[in-house]
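File shown: final_35.pdb. Contents: PDB, C-alpha atoms.
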ATOM      1  CA  THR A   1      82.908 -60.694 243.915
ATOM      2  CA  TYR A   2      84.152 -64.173 244.785
ATOM      3  CA  GLU A   3      84.850 -65.962 248.054
ATOM      4  CA  VAL A   4      88.426 -67.263 248.386
ATOM      5  CA  LYS A   5      89.196 -69.862 251.057
ATOM      6  CA  LEU A   6      92.360 -70.140 253.132
ATOM      7  CA  GLY A   7      93.564 -72.574 255.793
ATOM      8  CA  GLY A   8      91.358 -74.978 257.664
ATOM      9  CA  GLN A   9      91.068 -78.688 256.991
ATOM     10  CA  VAL A  10      89.869 -81.196 254.408
ATOM     11  CA  ARG A  11      86.973 -83.493 255.271
ATOM     12  CA  LYS A  12      86.403 -86.736 253.395
ATOM     13  CA  GLY A  13      82.819 -87.653 252.564
ATOM     14  CA  LEU A  14      80.817 -89.509 249.921
ATOM     15  CA  ASP A  15      79.172 -88.243 246.757
ATOM     16  CA  ARG A  16      75.733 -89.332 245.468
ATOM     17  CA  GLN A  17      77.224 -92.417 243.812
ATOM     18  CA  GLY A  18      78.973 -93.467 247.009
ATOM     19  CA  GLY A  19      82.416 -92.431 245.794
ATOM     20  CA  PRO A  20      84.893 -90.356 247.832
ATOM     21  CA  GLN A  21      84.201 -86.634 247.934
ATOM     22  CA  MET A  22      86.566 -84.129 249.522
ATOM     23  CA  GLU A  23      85.277 -80.979 251.216
ATOM     24  CA  TRP A  24      87.559 -78.088 252.115
ATOM     25  CA  ILE A  25      86.488 -76.460 255.398
ATOM     26  CA  PRO A  26      88.346 -73.112 255.463
ATOM     27  CA  GLU A  27      89.659 -71.262 258.473
ATOM     28  CA  GLN A  28      89.271 -67.901 256.720
ATOM     29  CA  THR A  29      87.340 -66.548 253.769
ATOM     30  CA  ILE A  30      88.425 -63.491 251.788
ATOM     31  CA  ILE A  31      86.323 -61.569 249.299
ATOM     32  CA  GLY A  32      87.861 -60.834 245.912
ATOM     33  CA  MET A  33      86.328 -57.867 244.097
ATOM     34  CA  ALA A  34      86.907 -57.232 240.395
ATOM     35  CA  TYR A  35      88.036 -53.847 239.043
ATOM     36  CA  ASP A  36      88.183 -53.354 235.287
ATOM     37  CA  SER A  37      90.564 -51.084 233.389
ATOM     38  CA  LEU A  38      89.658 -50.493 229.745
ATOM     39  CA  VAL A  39      92.571 -50.758 227.307
ATOM     40  CA  PRO A  40      91.825 -49.321 223.846
ATOM     41  CA  GLY A  41      93.832 -50.624 220.888
ATOM     42  CA  TYR A  42      95.762 -48.246 218.652
ATOM     43  CA  ASP A  43      93.838 -47.009 215.623
ATOM     44  CA  THR A  44      91.117 -49.654 216.004
ATOM     45  CA  ASN A  45      87.617 -49.907 217.446
ATOM     46  CA  THR A  46      88.761 -52.616 219.855
ATOM     47  CA  VAL A  47      88.793 -52.100 223.614
ATOM     48  CA  ASN A  48      90.039 -54.931 225.831
ATOM     49  CA  THR A  49      89.429 -55.325 229.538
ATOM     50  CA  LEU A  50      92.209 -55.717 232.082
ATOM     51  CA  ARG A  51      90.570 -57.209 235.147
ATOM     52  CA  LEU A  52      92.361 -56.705 238.471
ATOM     53  CA  TRP A  53      91.415 -57.960 241.925
ATOM     54  CA  SER A  54      91.149 -56.307 245.323
ATOM     55  CA  ALA A  55      91.017 -58.326 248.545
ATOM     56  CA  GLY A  56      88.493 -57.487 251.240
ATOM     57  CA  ALA A  57      87.217 -59.048 254.445
ATOM     58  CA  SER A  58      84.134 -61.223 254.597
ATOM     59  CA  LYS A  59      83.562 -59.622 257.993
ATOM     60  CA  ASP A  60      84.991 -56.106 258.456
ATOM     61  CA  PHE A  61      84.229 -55.462 262.090
ATOM     62  CA  ASP A  62      83.679 -57.635 265.169
ATOM     63  CA  LEU A  63      81.382 -55.662 267.467
ATOM     64  CA  ARG A  64      81.616 -58.200 270.298
ATOM     65  CA  VAL A  65      85.420 -57.967 270.450
ATOM     66  CA  PHE A  66      85.216 -54.169 270.158
ATOM     67  CA  ASN A  67      82.844 -53.971 273.130
ATOM     68  CA  GLU A  68      85.271 -56.105 275.137
ATOM     69  CA  GLY A  69      87.806 -53.302 274.649
ATOM     70  CA  ASP A  70      90.083 -55.026 272.132
ATOM     71  CA  PHE A  71      89.803 -52.344 269.426
ATOM     72  CA  VAL A  72      92.700 -53.591 267.308
ATOM     73  CA  ARG A  73      91.464 -57.196 267.153
ATOM     74  CA  ALA A  74      87.996 -55.930 266.211
ATOM     75  CA  VAL A  75      89.309 -54.883 262.790
ATOM     76  CA  GLU A  76      91.986 -57.598 262.520
ATOM     77  CA  ASN A  77      90.104 -59.552 259.844
ATOM     78  CA  LYS A  78      89.746 -56.455 257.674
ATOM     79  CA  ILE A  79      93.464 -55.601 257.930
ATOM     80  CA  PHE A  80      94.533 -59.214 257.297
ATOM     81  CA  SER A  81      92.348 -59.526 254.189
ATOM     82  CA  GLU A  82      93.171 -56.169 252.620
ATOM     83  CA  ASN A  83      96.924 -56.733 253.056
ATOM     84  CA  ILE A  84      96.777 -59.527 250.475
ATOM     85  CA  SER A  85      96.334 -57.139 247.544
ATOM     86  CA  LYS A  86      98.052 -54.035 248.929
ATOM     87  CA  VAL A  87     101.553 -54.683 247.508
ATOM     88  CA  LEU A  88     102.289 -57.020 244.595
ATOM     89  CA  TYR A  89     105.105 -59.524 245.314
ATOM     90  CA  PRO A  90     105.770 -58.648 248.969
ATOM     91  CA  ASN A  91     109.299 -59.283 250.227
ATOM     92  CA  ASP A  92     109.563 -62.985 251.074
ATOM     93  CA  ASN A  93     112.779 -62.904 253.110
ATOM     94  CA  THR A  94     110.788 -63.450 256.317
ATOM     95  CA  PRO A  95     108.308 -66.215 257.284
ATOM     96  CA  GLN A  96     105.517 -63.606 257.370
ATOM     97  CA  GLY A  97     106.498 -62.346 253.919
ATOM     98  CA  ARG A  98     106.535 -65.865 252.449
ATOM     99  CA  GLU A  99     103.128 -66.579 253.958
ATOM    100  CA  LEU A 100     101.681 -63.352 252.558
ATOM    101  CA  ARG A 101     103.128 -64.022 249.112
ATOM    102  CA  LEU A 102     101.662 -67.544 248.936
ATOM    103  CA  LYS A 103      98.252 -66.256 250.014
ATOM    104  CA  GLN A 104      98.490 -63.475 247.437
ATOM    105  CA  GLN A 105      99.403 -65.825 244.610
ATOM    106  CA  TYR A 106      96.528 -68.140 245.453
ATOM    107  CA  PHE A 107      94.088 -65.239 245.862
ATOM    108  CA  PHE A 108      94.747 -63.850 242.366
ATOM    109  CA  VAL A 109      94.665 -67.326 240.793
ATOM    110  CA  ALA A 110      91.416 -68.302 242.534
ATOM    111  CA  CYS A 111      89.598 -65.091 241.627
ATOM    112  CA  SER A 112      90.719 -65.324 237.998
ATOM    113  CA  LEU A 113      89.738 -68.984 237.628
ATOM    114  CA  TYR A 114      86.322 -68.442 239.228
ATOM    115  CA  ASP A 115      85.791 -65.605 236.777
ATOM    116  CA  ILE A 116      86.906 -67.747 233.822
ATOM    117  CA  PHE A 117      84.425 -70.473 234.788
ATOM    118  CA  ARG A 118      81.660 -67.891 235.132
ATOM    119  CA  PHE A 119      82.299 -66.582 231.608
ATOM    120  CA  PHE A 120      82.526 -70.132 230.257
ATOM    121  CA  SER A 121      79.183 -71.110 231.810
ATOM    122  CA  PHE A 122      77.392 -68.239 230.037
ATOM    123  CA  LYS A 123      77.597 -70.148 226.737
ATOM    124  CA  HIS A 124      78.579 -73.729 227.542
ATOM    125  CA  ASP A 125      77.296 -76.562 229.720
ATOM    126  CA  ASP A 126      79.765 -79.248 228.655
ATOM    127  CA  LEU A 127      83.023 -78.948 230.625
ATOM    128  CA  ARG A 128      84.778 -81.071 228.001
ATOM    129  CA  LEU A 129      84.744 -77.937 225.833
ATOM    130  CA  PHE A 130      86.720 -75.980 228.437
ATOM    131  CA  PRO A 131      90.174 -76.265 226.749
ATOM    132  CA  GLU A 132      88.680 -75.358 223.352
ATOM    133  CA  LYS A 133      87.195 -72.148 224.730
ATOM    134  CA  THR A 134      89.775 -71.231 227.362
ATOM    135  CA  ALA A 135      93.511 -70.557 227.228
ATOM    136  CA  ILE A 136      95.259 -69.839 230.529
ATOM    137  CA  GLN A 137      98.906 -68.746 230.416
ATOM    138  CA  LEU A 138     101.044 -69.133 233.535
ATOM    139  CA  ASN A 139     103.372 -66.139 233.494
ATOM    140  CA  ASP A 140     106.351 -67.627 235.373
ATOM    141  CA  THR A 141     105.705 -69.667 238.537
ATOM    142  CA  HIS A 142     103.776 -66.994 240.455
ATOM    143  CA  PRO A 143     100.394 -68.360 239.262
ATOM    144  CA  ALA A 144     101.557 -72.017 239.103
ATOM    145  CA  VAL A 145      99.184 -72.977 241.922
ATOM    146  CA  ALA A 146      96.534 -72.689 239.165
ATOM    147  CA  VAL A 147      97.388 -76.298 238.239
ATOM    148  CA  ALA A 148      96.186 -77.537 241.635
ATOM    149  CA  GLU A 149      93.292 -75.061 241.814
ATOM    150  CA  LEU A 150      91.983 -76.047 238.374
ATOM    151  CA  MET A 151      92.116 -79.697 239.430
ATOM    152  CA  ARG A 152      90.329 -78.864 242.685
ATOM    153  CA  ILE A 153      87.525 -77.110 240.808
ATOM    154  CA  PHE A 154      87.101 -79.952 238.311
ATOM    155  CA  VAL A 155      87.310 -82.776 240.879
ATOM    156  CA  ASP A 156      85.723 -81.257 244.011
ATOM    157  CA  ASP A 157      83.340 -78.597 242.689
ATOM    158  CA  LYS A 158      82.391 -80.028 239.280
ATOM    159  CA  HIS A 159      82.612 -83.696 240.365
ATOM    160  CA  LEU A 160      84.551 -84.872 237.306
ATOM    161  CA  PRO A 161      86.734 -88.017 237.362
ATOM    162  CA  TRP A 162      90.419 -87.470 238.098
ATOM    163  CA  GLU A 163      91.673 -88.633 234.689
ATOM    164  CA  LEU A 164      89.294 -86.339 232.770
ATOM    165  CA  SER A 165      90.092 -83.418 235.107
ATOM    166  CA  TRP A 166      93.824 -83.863 234.544
ATOM    167  CA  ASP A 167      93.358 -84.018 230.769
ATOM    168  CA  LEU A 168      91.291 -80.811 230.778
ATOM    169  CA  THR A 169      93.782 -79.064 233.066
ATOM    170  CA  GLN A 170      96.815 -79.866 230.909
ATOM    171  CA  LYS A 171      95.031 -78.863 227.701
ATOM    172  CA  SER A 172      93.923 -75.527 229.214
ATOM    173  CA  LEU A 173      97.264 -74.376 230.647
ATOM    174  CA  GLY A 174     100.468 -73.056 229.084
ATOM    175  CA  TYR A 175     103.628 -72.062 230.957
ATOM    176  CA  THR A 176     106.156 -69.341 230.188
ATOM    177  CA  ASN A 177     109.331 -69.744 232.235
ATOM    178  CA  HIS A 178     111.107 -66.465 233.074
ATOM    179  CA  THR A 179     113.814 -67.775 235.385
ATOM    180  CA  LEU A 180     116.912 -69.779 234.476
ATOM    181  CA  LEU A 181     118.609 -69.595 237.875
ATOM    182  CA  SER A 182     117.630 -72.683 239.858
ATOM    183  CA  GLU A 183     117.811 -70.775 243.161
ATOM    184  CA  ALA A 184     115.253 -68.270 241.836
ATOM    185  CA  LEU A 185     112.666 -70.915 240.901
ATOM    186  CA  GLU A 186     109.871 -70.856 243.466
ATOM    187  CA  ARG A 187     109.875 -73.736 245.938
ATOM    188  CA  TRP A 188     107.265 -73.484 248.681
ATOM    189  CA  PRO A 189     107.706 -75.264 252.032
ATOM    190  CA  VAL A 190     105.279 -78.175 252.290
ATOM    191  CA  ASP A 191     104.318 -77.120 255.836
ATOM    192  CA  LEU A 192     103.340 -73.643 254.588
ATOM    193  CA  PHE A 193     101.192 -75.195 251.860
ATOM    194  CA  ARG A 194      99.601 -77.550 254.383
ATOM    195  CA  ARG A 195      98.782 -74.617 256.680
ATOM    196  CA  TRP A 196      97.012 -72.426 254.100
ATOM    197  CA  LEU A 197      96.199 -74.650 251.102
ATOM    198  CA  PRO A 198      95.607 -78.122 252.587
ATOM    199  CA  ARG A 199      93.447 -79.438 249.746
ATOM    200  CA  HIS A 200      95.894 -78.229 247.107
ATOM    201  CA  LEU A 201      98.752 -80.042 248.830
ATOM    202  CA  GLU A 202      96.728 -83.280 248.728
ATOM    203  CA  ILE A 203      96.113 -82.757 245.009
ATOM    204  CA  ILE A 204      99.805 -82.018 244.334
ATOM    205  CA  PHE A 205     100.810 -85.192 246.203
ATOM    206  CA  GLU A 206      98.353 -87.210 244.096
ATOM    207  CA  ILE A 207      99.570 -85.636 240.836
ATOM    208  CA  ASN A 208     103.154 -86.412 241.875
ATOM    209  CA  HIS A 209     102.356 -89.992 242.879
ATOM    210  CA  ARG A 210     100.741 -90.775 239.510
ATOM    211  CA  PHE A 211     103.489 -88.980 237.594
ATOM    212  CA  LEU A 212     106.352 -90.813 239.326
ATOM    213  CA  GLU A 213     104.619 -94.146 238.738
ATOM    214  CA  GLU A 214     104.683 -93.355 235.006
ATOM    215  CA  ILE A 215     108.373 -92.423 235.179
ATOM    216  CA  GLN A 216     109.218 -95.686 236.953
ATOM    217  CA  VAL A 217     107.634 -97.612 234.097
ATOM    218  CA  ARG A 218     109.519 -95.617 231.440
ATOM    219  CA  PHE A 219     112.836 -95.495 233.313
ATOM    220  CA  PRO A 220     113.022 -98.464 235.719
ATOM    221  CA  HIS A 221     115.778 -98.462 238.355
ATOM    222  CA  ASP A 222     116.563 -94.760 237.774
ATOM    223  CA  GLY A 223     116.141 -93.314 241.255
ATOM    224  CA  ALA A 224     118.118 -90.178 240.437
ATOM    225  CA  ARG A 225     115.713 -89.289 237.633
ATOM    226  CA  LEU A 226     112.730 -89.802 239.926
ATOM    227  CA  GLN A 227     114.300 -87.470 242.460
ATOM    228  CA  ARG A 228     115.014 -84.802 239.828
ATOM    229  CA  LEU A 229     111.514 -84.951 238.314
ATOM    230  CA  SER A 230     109.513 -85.137 241.551
ATOM    231  CA  LEU A 231     107.242 -82.196 242.334
ATOM    232  CA  ILE A 232     108.472 -82.437 245.919
ATOM    233  CA  GLU A 233     112.061 -81.510 246.749
ATOM    234  CA  GLU A 234     113.300 -83.741 249.538
ATOM    235  CA  GLY A 235     115.592 -82.480 252.268
ATOM    236  CA  GLU A 236     115.521 -81.124 255.777
ATOM    237  CA  GLU A 237     112.518 -79.044 254.736
ATOM    238  CA  LYS A 238     110.347 -80.568 252.013
ATOM    239  CA  ARG A 239     109.317 -78.088 249.322
ATOM    240  CA  VAL A 240     106.889 -77.960 246.400
ATOM    241  CA  ARG A 241     108.720 -77.229 243.138
ATOM    242  CA  MET A 242     106.417 -74.786 241.387
ATOM    243  CA  ALA A 243     108.281 -74.804 238.041
ATOM    244  CA  HIS A 244     107.898 -78.599 237.940
ATOM    245  CA  LEU A 245     104.202 -78.285 238.746
ATOM    246  CA  ALA A 246     103.691 -75.671 236.010
ATOM    247  CA  THR A 247     105.588 -77.777 233.442
ATOM    248  CA  LEU A 248     103.777 -80.990 234.282
ATOM    249  CA  GLY A 249     100.368 -79.295 234.310
ATOM    250  CA  SER A 250     100.766 -77.537 230.941
ATOM    251  CA  HIS A 251     100.533 -78.673 227.318
ATOM    252  CA  ALA A 252     103.011 -76.000 226.125
ATOM    253  CA  VAL A 253     106.199 -74.593 227.675
ATOM    254  CA  ASN A 254     108.399 -71.758 226.435
ATOM    255  CA  GLY A 255     111.040 -69.245 227.451
ATOM    256  CA  VAL A 256     111.027 -65.497 226.805
ATOM    257  CA  ALA A 257     113.697 -65.522 224.066
ATOM    258  CA  ALA A 258     115.156 -68.076 221.645
ATOM    259  CA  LEU A 259     118.304 -68.587 223.726
ATOM    260  CA  HIS A 260     116.262 -68.804 226.906
ATOM    261  CA  SER A 261     114.040 -71.504 225.410
ATOM    262  CA  GLN A 262     117.098 -73.504 224.341
ATOM    263  CA  LEU A 263     118.569 -73.310 227.849
ATOM    264  CA  LEU A 264     115.300 -74.591 229.287
ATOM    265  CA  LYS A 265     115.612 -77.678 227.098
ATOM    266  CA  LYS A 266     119.301 -78.236 227.815
ATOM    267  CA  GLU A 267     119.498 -77.346 231.500
ATOM    268  CA  VAL A 268     116.615 -76.076 233.654
ATOM    269  CA  LEU A 269     113.883 -78.461 232.436
ATOM    270  CA  LYS A 270     116.075 -80.986 230.643
ATOM    271  CA  ASP A 271     114.404 -84.052 232.172
ATOM    272  CA  PHE A 272     110.950 -82.800 231.187
ATOM    273  CA  TYR A 273     112.164 -82.007 227.661
ATOM    274  CA  GLU A 274     113.410 -85.588 227.308
ATOM    275  CA  LEU A 275     109.920 -86.790 228.250
ATOM    276  CA  TRP A 276     107.915 -84.445 226.027
ATOM    277  CA  PRO A 277     110.017 -82.525 223.474
ATOM    278  CA  GLU A 278     106.845 -81.657 221.550
ATOM    279  CA  ARG A 279     105.622 -79.485 224.459
ATOM    280  CA  PHE A 280     108.573 -77.094 224.245
ATOM    281  CA  SER A 281     108.589 -74.159 221.835
ATOM    282  CA  ASN A 282     109.785 -70.572 221.670
TER     283      ASN A 282
END
So, in terms of structure tokens, how does the structure I just supplied come out?
Amino acid sequence: TYEVKLGGQVRKGLDRQGGPQMEWIPEQTIIGMAYDSLVPGYDTNTVNTLRLWSAGASKDFDLRVFNEGDFVRAVENKIFSENISKVLYPNDNTPQGRELRLKQQYFFVACSLYDIFRFFSFKHDDLRLFPEKTAIQLNDTHPAVAVAELMRIFVDDKHLPWELSWDLTQKSLGYTNHTLLSEALERWPVDLFRRWLPRHLEIIFEINHRFLEEIQVRFPHDGARLQRLSLIEEGEEKRVRMAHLATLGSHAVNGVAALHSQLLKKEVLKDFYELWPERFSN
């Protein structure tokens, strides 16, 4: 089982060397429990493990609230937590649905990454080996928050420098784009991110700031390109562009068919392809 944080605030402190250290103080904590399904290969002696996650409450029942007569609120935490893994990809046409889907995506990513680090630590102490021993594939944008979560683990939990953390993150992640329609690419409202993943939003802003500084050097006086490449979509409601985040945070990008991959280069991710054609394959 792993503890997954949600909401709350970020507190700035100092590490042992006197440098800045960020601490995420969550509003809620959910327990992720692993369930393994064994998948035997055909005509071989190989059996692989498909690990799935179930969400549960860190506190199932509030006796004090129950004794006050509020029976529904007494089990509210249990219902809230278990809803996260009840239905995969809940309908996001409503604010509640969008909120649930973001929490769900982060929950599965967090549990999986904690598990990956646990397996890695069995054999290795040097985090610089992480990309050599670990390959993480982002299957469309649904797990794209893994870019920010991996950075949070390296920077906040493992206390690595930003530059090294970013290098390890990019080398560990690959991204498969499934969606050519721009309106179908996930774009999360910044306010929703701030409400439930405040530390991740800070990290995304920092990634974006450093990235756009690089673009300004390579393409001076090209404001339109900056706007197109930014991880944040400006407008009446600012949004985080998850396909941009996944592309920027990965060392390899591909489509699901040869034609699809070509269209990524020519249309959907054209600006990124112009920056790093070597990252794109099929």
Evaluate the PyMOL selection byres ((chain A and resi 5-10) around 7) on the structure here and hand back the selected residues as a PyMOL selection string.
chain A and resi 3-4+11-12+22-30+195-199
The distance between atom CA of A:Asp167 and atom CA of A:Glu214 is 15.3 Å
My list of candidates is A:Tyr89, A:Phe280, A:Phe219, A:Trp53. Which is closest to A:His260 when distances are computed with all atoms listed in the file?
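Closest to A:His260, using all atoms listed in the file: A:Phe280.
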Which residue, A:Ala246, A:Met151, A:Val217, A:Leu52, has the smallest gap to A:Asn177 when you use only C-alpha atoms?
A:Ala246
Quick check, in Å to one decimal: how far apart do atom CA of A:Arg187 and atom CA of A:Met242 lie?
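Computed distance, atom CA of A:Arg187 to atom CA of A:Met242, equals 5.8 Å.
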